[in-house]
file upload13.txt (compact mmCIF, C-alpha atoms)
# COMPACT_ATOMS: atom_id res chain seq x y z
CA MET N 401 0.00 0.00 0.00
CA ASN N 402 1.31 3.48 -0.80
CA ASP N 403 1.59 6.37 1.64
CA GLN N 404 -1.64 8.06 0.60
CA VAL N 405 -3.90 8.89 3.55
CA ILE N 406 -7.26 7.13 3.28
CA THR N 407 -10.17 9.35 4.26
CA THR N 408 -13.12 7.51 2.66
CA VAL N 409 -13.93 3.92 1.76
CA GLY N 410 -16.89 3.25 -0.52
CA TRP N 411 -18.44 -0.20 0.03
CA ASP N 412 -20.82 -2.15 -2.17
CA ILE N 413 -21.97 -5.20 -0.22
CA GLY N 414 -23.46 -7.74 -2.61
CA GLY N 415 -24.80 -11.21 -2.05
CA ALA N 416 -21.86 -12.89 -3.77
CA ASN N 417 -19.07 -10.29 -3.81
CA LEU N 418 -17.80 -7.43 -1.69
CA LYS N 419 -16.35 -4.42 -3.49
CA ALA N 420 -14.53 -1.45 -2.04
CA ALA N 421 -12.99 1.77 -3.33
CA LEU N 422 -10.48 3.84 -1.33
CA PHE N 423 -10.13 7.60 -1.60
CA ASN N 424 -7.53 10.04 -0.31
CA SER N 425 -8.21 13.50 1.08
CA ALA N 426 -8.16 14.95 -2.45
CA GLY N 427 -11.01 12.66 -3.53
CA GLN N 428 -8.71 10.58 -5.71
CA ILE N 429 -9.18 6.83 -5.96
CA ILE N 430 -6.23 5.06 -4.38
CA GLU N 431 -7.25 1.46 -4.85
CA VAL N 432 -10.19 -0.73 -5.84
CA MET N 433 -10.64 -4.28 -4.59
CA GLN N 434 -13.18 -7.08 -4.86
CA TRP N 435 -13.55 -10.24 -2.80
CA SER N 436 -15.73 -13.30 -3.08
CA CYS N 437 -18.29 -13.08 -0.26
CA PRO N 438 -21.02 -15.77 -0.42
CA LEU N 439 -23.30 -14.03 2.03
CA TRP N 440 -25.98 -16.70 1.83
CA GLN N 441 -23.55 -19.00 3.66
CA GLY N 442 -23.32 -16.70 6.68
CA LEU N 443 -22.31 -13.23 7.84
CA ILE N 444 -18.94 -14.63 8.88
CA HIS N 445 -17.91 -14.26 5.24
CA LEU N 446 -18.60 -10.53 5.36
CA SER N 447 -16.73 -10.17 8.66
CA ASP N 448 -13.75 -12.07 7.31
CA ARG N 449 -13.56 -9.98 4.12
CA ILE N 450 -13.76 -6.73 6.10
CA HIS N 451 -10.89 -7.93 8.28
CA GLU N 452 -8.90 -8.72 5.12
CA ALA N 453 -9.52 -5.16 3.94
CA ASP N 454 -8.52 -3.85 7.36
CA GLU N 455 -5.23 -5.75 7.23
CA ARG N 456 -4.52 -4.66 3.65
CA TRP N 457 -5.21 -0.98 4.24
CA SER N 458 -4.43 -0.61 7.97
CA LEU N 459 -7.83 0.93 8.54
CA ASP N 460 -7.47 0.72 12.32
CA CYS N 461 -4.53 3.11 12.24
CA TYR N 462 -6.95 6.03 12.01
CA PRO N 463 -10.76 6.17 11.85
CA CYS N 464 -12.06 7.03 8.41
CA HIS N 465 -15.43 7.52 6.75
CA HIS N 466 -17.23 4.49 5.32
CA ALA N 467 -19.91 5.14 2.71
CA ILE N 468 -22.00 1.97 2.41
CA THR N 469 -24.49 0.67 -0.11
CA MET N 470 -25.74 -2.86 -0.59
CA SER N 471 -27.84 -5.49 -2.34
CA GLY N 472 -26.79 -8.43 -0.16
CA GLU N 473 -29.90 -8.19 2.00
CA LEU N 474 -31.69 -10.22 -0.70
CA VAL N 475 -29.89 -13.49 0.05
CA ASP N 476 -31.95 -16.24 1.65
CA LEU N 477 -29.84 -16.16 4.81
CA PHE N 478 -32.22 -13.45 6.00
CA PRO N 479 -35.97 -13.88 6.66
CA SER N 480 -36.66 -10.48 5.10
CA ARG N 481 -34.84 -7.69 3.30
CA GLN N 482 -35.38 -5.42 6.30
CA GLU N 483 -33.67 -7.89 8.60
CA GLY N 484 -30.88 -8.36 6.04
CA VAL N 485 -30.20 -4.61 5.98
CA ARG N 486 -30.15 -4.50 9.78
CA GLN N 487 -27.74 -7.41 10.12
CA ILE N 488 -25.38 -6.21 7.38
CA ILE N 489 -25.12 -2.75 8.96
CA ALA N 490 -24.54 -4.29 12.39
CA THR N 491 -21.80 -6.50 10.98
CA MET N 492 -20.02 -3.54 9.38
CA ALA N 493 -20.21 -1.51 12.61
CA GLU N 494 -18.93 -4.42 14.68
CA ALA N 495 -16.03 -5.13 12.31
CA LEU N 496 -14.89 -1.49 12.21
CA PRO N 497 -15.52 -0.05 15.70
CA GLY N 498 -14.81 3.62 16.15
CA HIS N 499 -15.13 4.40 12.45
CA PHE N 500 -17.70 6.72 10.90
CA MET N 501 -20.48 4.81 9.13
CA HIS N 502 -22.67 6.52 6.52
CA ILE N 503 -25.44 4.37 5.03
CA TYR N 504 -26.73 5.36 1.60
CA ALA N 505 -30.55 5.50 1.56
CA GLY N 506 -31.43 6.83 -1.87
CA LYS N 507 -33.51 10.01 -1.74
CA SER N 508 -33.01 10.14 2.03
CA GLY N 509 -29.30 10.63 1.44
CA PHE N 510 -26.75 9.29 3.91
CA LEU N 511 -27.91 8.13 7.33
CA GLU N 512 -25.82 7.75 10.46
CA LEU N 513 -26.19 4.56 12.50
CA GLN N 514 -28.03 6.25 15.36
CA THR N 515 -30.58 7.87 13.03
CA ILE N 516 -31.67 4.76 11.11
CA GLN N 517 -35.30 3.76 11.74
CA SER N 518 -37.24 0.73 10.51
CA TYR N 519 -38.92 2.77 7.76
CA HIS N 520 -35.51 3.57 6.28
CA MET N 521 -34.80 -0.09 5.52
CA THR N 522 -36.62 -0.14 2.20
CA CYS N 523 -34.66 2.94 1.10
CA ILE N 524 -31.36 1.28 1.97
CA ALA N 525 -32.15 -2.12 0.46
CA SER N 526 -30.68 -2.69 -3.02
CA ALA N 527 -29.89 0.98 -3.47
CA ASN N 528 -26.46 0.40 -5.00
CA TRP N 529 -27.81 1.01 -8.52
CA LEU N 530 -29.32 4.31 -7.34
CA ALA N 531 -26.00 5.43 -5.89
CA MET N 532 -24.51 4.87 -9.33
CA ALA N 533 -27.40 6.73 -10.98
CA ASP N 534 -27.09 9.69 -8.60
CA TRP N 535 -23.37 9.90 -9.18
CA VAL N 536 -23.53 9.66 -12.99
CA SER N 537 -26.41 12.15 -13.27
CA SER N 538 -24.56 14.66 -11.09
CA ARG N 539 -21.56 14.59 -13.43
CA HIS N 540 -22.99 13.95 -16.87
CA THR N 541 -25.81 16.11 -18.17
CA SER N 542 -26.17 14.62 -21.66
CA ASN N 543 -28.22 11.55 -22.55
CA VAL N 544 -26.78 8.19 -21.48
CA LEU N 545 -27.97 4.67 -20.88
CA VAL N 546 -25.66 2.99 -18.38
CA MET N 547 -25.38 -0.80 -18.44
CA ASP N 548 -23.67 -2.18 -15.34
CA ILE N 549 -23.13 -5.90 -15.98
CA GLY N 550 -21.98 -7.73 -12.88
CA SER N 551 -21.50 -11.32 -11.85
CA THR N 552 -25.22 -11.94 -11.28
CA THR N 553 -27.34 -9.05 -12.52
CA THR N 554 -27.40 -6.14 -14.95
CA ASP N 555 -28.64 -2.64 -14.10
CA LEU N 556 -29.90 -0.34 -16.85
CA ILE N 557 -30.02 3.35 -15.95
CA LEU N 558 -31.43 5.93 -18.36
CA ILE N 559 -30.40 9.55 -17.77
CA GLU N 560 -31.57 12.48 -19.90
CA HIS N 561 -30.09 15.94 -19.36
CA GLY N 562 -28.94 14.95 -15.89
CA GLU N 563 -32.34 13.57 -14.85
CA LEU N 564 -32.92 9.93 -13.95
CA LYS N 565 -35.70 8.43 -16.10
CA ASN N 566 -35.99 5.04 -14.39
CA LYS N 567 -39.48 4.40 -13.05
CA GLY N 568 -38.76 1.47 -10.74
CA VAL N 569 -37.23 1.74 -7.29
CA SER N 570 -37.52 -1.69 -5.70
CA ASP N 571 -36.12 -4.82 -7.31
CA HIS N 572 -39.65 -5.98 -8.12
CA GLU N 573 -40.53 -2.70 -9.85
CA ARG N 574 -37.27 -2.67 -11.77
CA LEU N 575 -37.70 -6.28 -12.91
CA THR N 576 -41.08 -5.39 -14.43
CA ARG N 577 -39.54 -2.50 -16.38
CA ASP N 578 -36.35 -4.09 -17.79
CA GLU N 579 -34.33 -1.79 -15.54
CA LEU N 580 -32.97 -4.81 -13.67
CA VAL N 581 -32.16 -7.96 -15.63
CA TYR N 582 -31.21 -11.03 -13.66
CA THR N 583 -28.33 -12.11 -15.85
CA GLY N 584 -24.61 -11.71 -15.21
CA CYS N 585 -21.30 -12.79 -16.64
CA THR N 586 -20.23 -15.37 -14.05
CA ARG N 587 -22.93 -16.81 -11.75
CA THR N 588 -25.86 -17.13 -14.17
CA PRO N 589 -26.72 -20.79 -14.96
CA LEU N 590 -26.75 -21.68 -18.65
CA MET N 591 -30.33 -22.96 -18.37
CA ALA N 592 -31.36 -19.34 -17.63
CA ILE N 593 -29.86 -18.19 -20.95
CA ALA N 594 -31.37 -20.66 -23.44
CA GLN N 595 -33.54 -23.76 -23.62
CA LYS N 596 -31.68 -25.34 -26.50
CA ALA N 597 -28.42 -24.95 -28.38
CA PRO N 598 -26.93 -26.09 -31.71
CA VAL N 599 -24.64 -29.13 -31.44
CA HIS N 600 -23.32 -31.02 -34.48
CA GLY N 601 -25.95 -29.44 -36.73
CA ALA N 602 -28.94 -30.26 -34.52
CA TRP N 603 -30.84 -28.19 -31.97
CA THR N 604 -30.32 -29.89 -28.63
CA HIS N 605 -32.49 -29.16 -25.60
CA LEU N 606 -30.49 -28.23 -22.51
CA MET N 607 -30.68 -30.17 -19.30
CA ALA N 608 -32.44 -28.18 -16.59
CA GLU N 609 -29.58 -28.74 -14.18
CA HIS N 610 -27.01 -26.46 -12.58
CA PHE N 611 -24.16 -28.06 -14.49
CA ALA N 612 -22.50 -24.91 -15.85
CA THR N 613 -22.53 -21.12 -15.59
CA MET N 614 -21.69 -18.15 -17.78
CA ALA N 615 -18.24 -18.08 -16.17
CA ASP N 616 -17.53 -21.31 -18.06
CA ILE N 617 -18.61 -19.61 -21.27
CA TYR N 618 -16.41 -16.57 -20.81
CA ARG N 619 -13.42 -18.64 -19.77
CA ILE N 620 -13.74 -20.44 -23.09
CA THR N 621 -14.22 -17.23 -25.12
CA GLY N 622 -11.36 -15.53 -23.25
CA ASP N 623 -13.50 -12.63 -21.98
CA LEU N 624 -13.19 -13.34 -18.24
CA PRO N 625 -9.94 -12.31 -16.52
CA ALA N 626 -8.88 -14.60 -13.68
CA GLN N 627 -9.21 -11.90 -11.02
CA MET N 628 -12.90 -11.48 -11.93
CA ASP N 629 -13.54 -15.22 -11.73
CA LEU N 630 -14.39 -15.34 -8.02
CA SER N 631 -17.39 -17.65 -7.69
CA ALA N 632 -17.20 -21.40 -7.23
CA THR N 633 -17.86 -23.59 -10.27
CA ALA N 634 -21.13 -25.49 -10.58
CA ASP N 635 -19.46 -28.82 -9.82
CA GLY N 636 -16.88 -27.53 -7.36
CA LYS N 637 -14.03 -28.48 -9.67
CA ASP N 638 -11.29 -26.32 -11.16
CA LYS N 639 -11.63 -23.39 -13.56
CA SER N 640 -9.41 -24.70 -16.35
CA LEU N 641 -10.47 -24.57 -19.98
CA GLU N 642 -10.86 -28.34 -20.05
CA ALA N 643 -13.07 -28.38 -16.95
CA SER N 644 -15.22 -25.57 -18.36
CA LEU N 645 -15.71 -27.46 -21.62
CA ALA N 646 -16.66 -30.59 -19.66
CA ARG N 647 -19.30 -28.66 -17.71
CA ILE N 648 -20.98 -27.23 -20.82
CA ALA N 649 -20.85 -30.70 -22.39
CA ARG N 650 -23.03 -31.93 -19.54
CA MET N 651 -25.62 -29.29 -20.42
CA VAL N 652 -26.22 -31.02 -23.76
CA GLY N 653 -26.09 -34.56 -22.38
CA MET N 654 -22.48 -35.36 -23.22
CA ASP N 655 -19.32 -36.24 -21.36
CA GLY N 656 -16.41 -33.86 -21.70
CA CYS N 657 -14.47 -36.32 -23.85
CA GLU N 658 -17.35 -36.37 -26.36
CA LEU N 659 -17.31 -32.61 -26.97
CA ASP N 660 -14.42 -31.63 -29.24
CA ARG N 661 -12.72 -28.27 -28.74
CA THR N 662 -14.13 -26.68 -31.91
CA THR N 663 -17.71 -27.65 -31.07
CA GLY N 664 -17.26 -26.51 -27.48
CA GLU N 665 -15.97 -23.10 -28.54
CA SER N 666 -18.83 -22.74 -31.02
CA LEU N 667 -21.29 -23.60 -28.25
CA ALA N 668 -19.72 -21.00 -25.96
CA ARG N 669 -20.03 -18.31 -28.62
CA TYR N 670 -23.70 -19.23 -28.99
CA PHE N 671 -24.36 -18.65 -25.28
CA ARG N 672 -22.46 -15.36 -25.44
CA TYR N 673 -24.71 -14.33 -28.33
CA LYS N 674 -27.85 -15.38 -26.43
CA GLN N 675 -26.93 -13.43 -23.32
CA ALA N 676 -26.14 -10.35 -25.39
CA GLY N 677 -29.58 -10.80 -26.98
CA ILE N 678 -31.30 -10.81 -23.58
CA LEU N 679 -29.53 -7.57 -22.72
CA ALA N 680 -30.28 -6.07 -26.14
CA ASP N 681 -33.99 -6.69 -25.53
CA ALA N 682 -33.73 -4.74 -22.28
CA VAL N 683 -31.94 -1.92 -24.09
CA SER N 684 -34.78 -1.84 -26.63
CA SER N 685 -37.23 -1.40 -23.77
CA GLN N 686 -35.25 1.54 -22.38
CA LEU N 687 -34.88 3.18 -25.79
CA SER N 688 -38.64 2.99 -26.27
CA LYS N 689 -39.14 5.43 -23.38
CA ALA N 690 -36.22 7.72 -24.23
CA THR N 691 -37.06 11.10 -25.75
CA GLU N 692 -33.61 11.35 -27.37
CA ARG N 693 -31.12 8.71 -28.44
CA PRO N 694 -28.57 8.18 -25.67
CA ALA N 695 -24.98 7.03 -25.68
CA LEU N 696 -24.52 3.55 -24.25
CA VAL N 697 -22.14 3.44 -21.29
CA GLY N 698 -20.55 0.16 -20.22
CA ALA N 699 -19.81 -0.60 -16.57
CA GLY N 700 -19.09 -3.64 -14.43
CA ILE N 701 -16.97 -6.73 -15.00
CA GLY N 702 -19.18 -7.73 -17.95
CA ARG N 703 -18.94 -4.45 -19.83
CA PHE N 704 -17.05 -6.24 -22.61
CA LEU N 705 -20.52 -7.11 -23.96
CA VAL N 706 -21.73 -3.52 -24.24
CA PRO N 707 -19.84 -2.27 -27.35
CA SER N 708 -21.43 -4.96 -29.54
CA ILE N 709 -24.87 -4.09 -28.14
CA ALA N 710 -24.23 -0.43 -28.92
CA GLN N 711 -23.45 -1.43 -32.51
CA ILE N 712 -26.80 -3.23 -32.81
CA PHE N 713 -28.63 0.04 -32.11
CA ASP N 714 -26.08 2.32 -33.79
CA LEU N 715 -25.46 4.12 -30.50
CA PRO N 716 -22.19 5.77 -29.47
CA TYR N 717 -20.32 3.82 -26.81
CA HIS N 718 -18.39 5.07 -23.77
CA ASP N 719 -16.62 3.24 -20.97
CA ILE N 720 -17.68 4.38 -17.49
CA LEU N 721 -14.00 5.11 -16.78
CA GLU N 722 -14.42 8.28 -18.83
CA PHE N 723 -16.64 9.65 -16.03
CA MET N 724 -14.40 8.63 -13.13
CA PRO N 725 -12.63 11.17 -10.91
CA ALA N 726 -8.88 11.64 -11.01
CA HIS N 727 -7.19 8.54 -9.71
CA LEU N 728 -3.89 7.30 -8.41
CA TYR N 729 -5.10 3.76 -7.90
CA THR N 730 -2.63 0.93 -7.65
CA ASP N 731 -2.82 -1.95 -10.08
CA THR N 732 -4.61 -4.72 -8.19
CA GLY N 733 -6.13 -6.15 -11.37
CA TYR N 734 -9.38 -4.31 -10.63
CA SER N 735 -10.48 -1.14 -12.36
CA PRO N 736 -12.83 1.43 -10.83
CA ALA N 737 -15.15 0.48 -13.71
CA ASP N 738 -15.45 -3.00 -12.19
CA ALA N 739 -16.89 -1.65 -8.92
CA VAL N 740 -18.92 1.39 -9.95
CA PRO N 741 -21.44 1.46 -7.05
CA ALA N 742 -18.56 1.36 -4.53
CA VAL N 743 -16.83 4.21 -6.36
CA ALA N 744 -20.11 6.09 -6.73
CA VAL N 745 -21.14 5.91 -3.08
CA GLY N 746 -17.67 7.04 -2.04
CA CYS N 747 -17.81 9.97 -4.45
CA LEU N 748 -21.28 10.95 -3.24
CA TRP N 749 -20.09 10.98 0.36
CA ASN N 750 -17.01 13.04 -0.56
CA ASP N 751 -19.35 15.53 -2.25
CA CYS N 752 -21.36 15.75 0.98
CA MET N 753 -18.22 16.49 3.00
CA GLU N 754 -17.28 19.29 0.60
CA GLN N 755 -20.61 21.07 1.10
CA PRO N 756 -20.72 23.78 3.78
CA ALA N 757 -22.53 22.78 6.95

call {"tool": "encode", "arguments": {"input": "upload13.txt", "output": "structure tokens"}}
result
Amino acid sequence: MNDQVITTVGWDIGGANLKAALFNSAGQIIEVMQWSCPLWQGLIHLSDRIHEADERWSLDCYPCHHAITMSGELVDLFPSRQEGVRQIIATMAEALPGHFMHIYAGKSGFLELQTIQSYHMTCIASANWLAMADWVSSRHTSNVLVMDIGSTTTDLILIEHGELKNKGVSDHERLTRDELVYTGCTRTPLMAIAQKAPVHGAWTHLMAEHFATMADIYRITGDLPAQMDLSATADGKDKSLEASLARIARMVGMDGCELDRTTGESLARYFRYKQAGILADAVSSQLSKATERPALVGAGIGRFLVPSIAQIFDLPYHDILEFMPAHLYTDTGYSPADAVPAVAVGCLWNDCMEQPA
């Protein structure tokens, strides 16, 4: 770690991964990190990852500000989203005693621990996409459609002249409006992408089993860097090319030795095409409510899909990095574009600190 003084940490606490962005006193990004954090298996995973961050960044050397957003309250560890929010906040406070906690609550802004009431829980739950929307709209006044493709889900955020045009707020509302699409580039099972696939010149129905995921596909196509490949495989085996080919072979009723490399690569490209098609349909839905044609902005670890989708609609493409603040971040293998909600919530809190009291 360099000698920059950390003043703010932006946290995005997901159900499968924990992401964090560090800022110095000048508001520059020092470092971005991501850890596997299977929250559905217990809050101990969140505690352990926070302690790893503490050791890496020596957070206990001086109290700093923690801007927190989340979507992990949705995992089935918790009986309700409200209880999930409560337990996640309590875990963060317990892991970092003496630090300043600021919980992002959408239109209610940032809340301090002592001010949070039960009615705030729905504002805090799954607000990470809104933190990103607030941050982008505050810095970019032209027309953009942001696609943040993560490991599990994709957020679509339409902004026109600095104004957010999304109609949904909750996950349910957003799912009904194609503003949240439950497809991602690593954890999504192949049976959620297609019902059949072409193999040896014949359409073959897929087995409705959790034999393979999109991470297998993008390992085969070469789109998934190793540092982004954090989730366990469907069968618990290794993440080699051969093992990935064997897993997709099972989806079409074959053993790995029966699926030759050329056919396996062709099959992978088909699933890539099908997932891009699902996302293109959602883009069509957003464009249908736009008053002007936006630029398409790619964010998240799956943003490699967005340029080809922009070409389908003849839209200009931008990487979300173009909107990022000045940075001095160290090369951990993670870009600020891979953890946009964590960066966004940190930036929003820094903006709050800059405002006169």

call {"tool": "atom_distance", "arguments": {"input": "upload13.txt", "atom1": "atom CA of N:Ser471", "atom2": "atom CA of N:Asp412"}}
result
7.8 Å

call {"tool": "residues_around", "arguments": {"input": "upload13.txt", "residues": "N:Gly601", "least_positions_apart": "4", "cutoff": "12 Å", "atoms": "only C-alpha atoms", "output": "list of chain:residue names"}}
result
N:Ala597, N:Thr663, N:Ser666, N:Leu667

call {"tool": "closest_residue", "arguments": {"input": "upload13.txt", "among": "N:Val683, N:Ile413, N:Ala420, N:Leu556", "to": "N:Val485", "atoms": "only C-alpha atoms"}}
result
N:Ile413

call {"tool": "residues_around", "arguments": {"input": "upload13.txt", "residues": "N:Ala646", "least_positions_apart": "6", "cutoff": "8 Å", "atoms": "all atoms listed in the file", "output": "ChimeraX atom specification"}}
result
/N:655-657,659

call {"tool": "closest_residue", "arguments": {"input": "upload13.txt", "among": "N:Gln595, N:Gln514, N:Thr522, N:Thr586", "to": "N:Asp623", "atoms": "all atoms listed in the file"}}
result
N:Thr586

call {"tool": "atom_distance", "arguments": {"input": "upload13.txt", "atom1": "atom CA of N:Phe423", "atom2": "atom CA of N:Gly746"}}
result
7.6 Å

call {"tool": "closest_residue", "arguments": {"input": "upload13.txt", "among": "N:Leu513, N:Met724, N:Leu564, N:Leu696", "to": "N:Ala533", "atoms": "only C-alpha atoms"}}
result
N:Leu564

call {"tool": "atom_distance", "arguments": {"input": "upload13.txt", "atom1": "atom CA of N:Val697", "atom2": "atom CA of N:Asp548"}}
result
8.3 Å

call {"tool": "closest_residue", "arguments": {"input": "upload13.txt", "among": "N:Ala744, N:Leu580, N:Ile524, N:Leu496", "to": "N:Leu459", "atoms": "all atoms listed in the file"}}
result
N:Leu496

call {"tool": "residues_around", "arguments": {"input": "upload13.txt", "residues": "N:Arg669", "least_positions_apart": "2", "cutoff": "12 Å", "atoms": "all atoms listed in the file", "output": "PyMOL selection string"}}
result
chain N and resi 597-598+614+616-623+648+662-667+671-676

call {"tool": "write_last_selection", "arguments": {"input": "upload13.txt", "atoms": "C-alpha atoms", "output": "compact mmCIF listing (two decimals), in the frame of the given file"}}
result
# COMPACT_ATOMS: atom_id res chain seq x y z
CA ALA N 597 -28.42 -24.95 -28.38
CA PRO N 598 -26.93 -26.09 -31.71
CA MET N 614 -21.69 -18.15 -17.78
CA ASP N 616 -17.53 -21.31 -18.06
CA ILE N 617 -18.61 -19.61 -21.27
CA TYR N 618 -16.41 -16.57 -20.81
CA ARG N 619 -13.42 -18.64 -19.77
CA ILE N 620 -13.74 -20.44 -23.09
CA THR N 621 -14.22 -17.23 -25.12
CA GLY N 622 -11.36 -15.53 -23.25
CA ASP N 623 -13.50 -12.63 -21.98
CA ILE N 648 -20.98 -27.23 -20.82
CA THR N 662 -14.13 -26.68 -31.91
CA THR N 663 -17.71 -27.65 -31.07
CA GLY N 664 -17.26 -26.51 -27.48
CA GLU N 665 -15.97 -23.10 -28.54
CA SER N 666 -18.83 -22.74 -31.02
CA LEU N 667 -21.29 -23.60 -28.25
CA PHE N 671 -24.36 -18.65 -25.28
CA ARG N 672 -22.46 -15.36 -25.44
CA TYR N 673 -24.71 -14.33 -28.33
CA LYS N 674 -27.85 -15.38 -26.43
CA GLN N 675 -26.93 -13.43 -23.32
CA ALA N 676 -26.14 -10.35 -25.39

call {"tool": "closest_residue", "arguments": {"input": "upload13.txt", "among": "N:Ala632, N:Leu443, N:Met501, N:Ile720", "to": "N:His466", "atoms": "all atoms listed in the file"}}
result
N:Met501

call {"tool": "closest_residue", "arguments": {"input": "upload13.txt", "among": "N:Asn543, N:Ser508, N:Gln517, N:Ser735", "to": "N:Arg486", "atoms": "all atoms listed in the file"}}
result
N:Gln517

call {"tool": "build_atoms", "arguments": {"input": "upload13.txt", "residues": "stretch 608-620 of chain N", "atoms": "N, CA and C atoms", "output": "short mmCIF file (atom, residue, chain, number, x, y, z; two decimals), in the frame of the given file"}}
result
data_model
loop_
_atom_site.label_atom_id
_atom_site.label_comp_id
_atom_site.auth_asym_id
_atom_site.auth_seq_id
_atom_site.Cartn_x
_atom_site.Cartn_y
_atom_site.Cartn_z
N ALA N 608 -32.06 -29.17 -17.60
CA ALA N 608 -32.44 -28.18 -16.59
C ALA N 608 -31.74 -28.50 -15.28
N GLU N 609 -30.42 -28.44 -15.33
CA GLU N 609 -29.58 -28.74 -14.18
C GLU N 609 -28.51 -27.66 -14.06
N HIS N 610 -28.06 -27.46 -12.83
CA HIS N 610 -27.01 -26.46 -12.58
C HIS N 610 -25.64 -27.09 -12.83
N PHE N 611 -25.41 -27.42 -14.10
CA PHE N 611 -24.16 -28.06 -14.49
C PHE N 611 -23.07 -27.06 -14.87
N ALA N 612 -23.48 -25.88 -15.34
CA ALA N 612 -22.50 -24.91 -15.85
C ALA N 612 -23.06 -23.50 -15.71
N THR N 613 -22.15 -22.52 -15.71
CA THR N 613 -22.53 -21.12 -15.59
C THR N 613 -21.89 -20.30 -16.71
N MET N 614 -22.26 -19.02 -16.76
CA MET N 614 -21.69 -18.15 -17.78
C MET N 614 -20.19 -17.93 -17.57
N ALA N 615 -19.69 -18.16 -16.36
CA ALA N 615 -18.24 -18.08 -16.17
C ALA N 615 -17.53 -19.11 -17.03
N ASP N 616 -18.12 -20.30 -17.17
CA ASP N 616 -17.53 -21.31 -18.06
C ASP N 616 -17.48 -20.80 -19.49
N ILE N 617 -18.55 -20.14 -19.91
CA ILE N 617 -18.61 -19.61 -21.27
C ILE N 617 -17.51 -18.58 -21.51
N TYR N 618 -17.36 -17.66 -20.58
CA TYR N 618 -16.41 -16.57 -20.81
C TYR N 618 -14.97 -16.97 -20.53
N ARG N 619 -14.78 -18.08 -19.81
CA ARG N 619 -13.42 -18.64 -19.77
C ARG N 619 -13.05 -19.19 -21.15
N ILE N 620 -14.00 -19.84 -21.78
CA ILE N 620 -13.74 -20.44 -23.09
C ILE N 620 -13.54 -19.37 -24.16
#
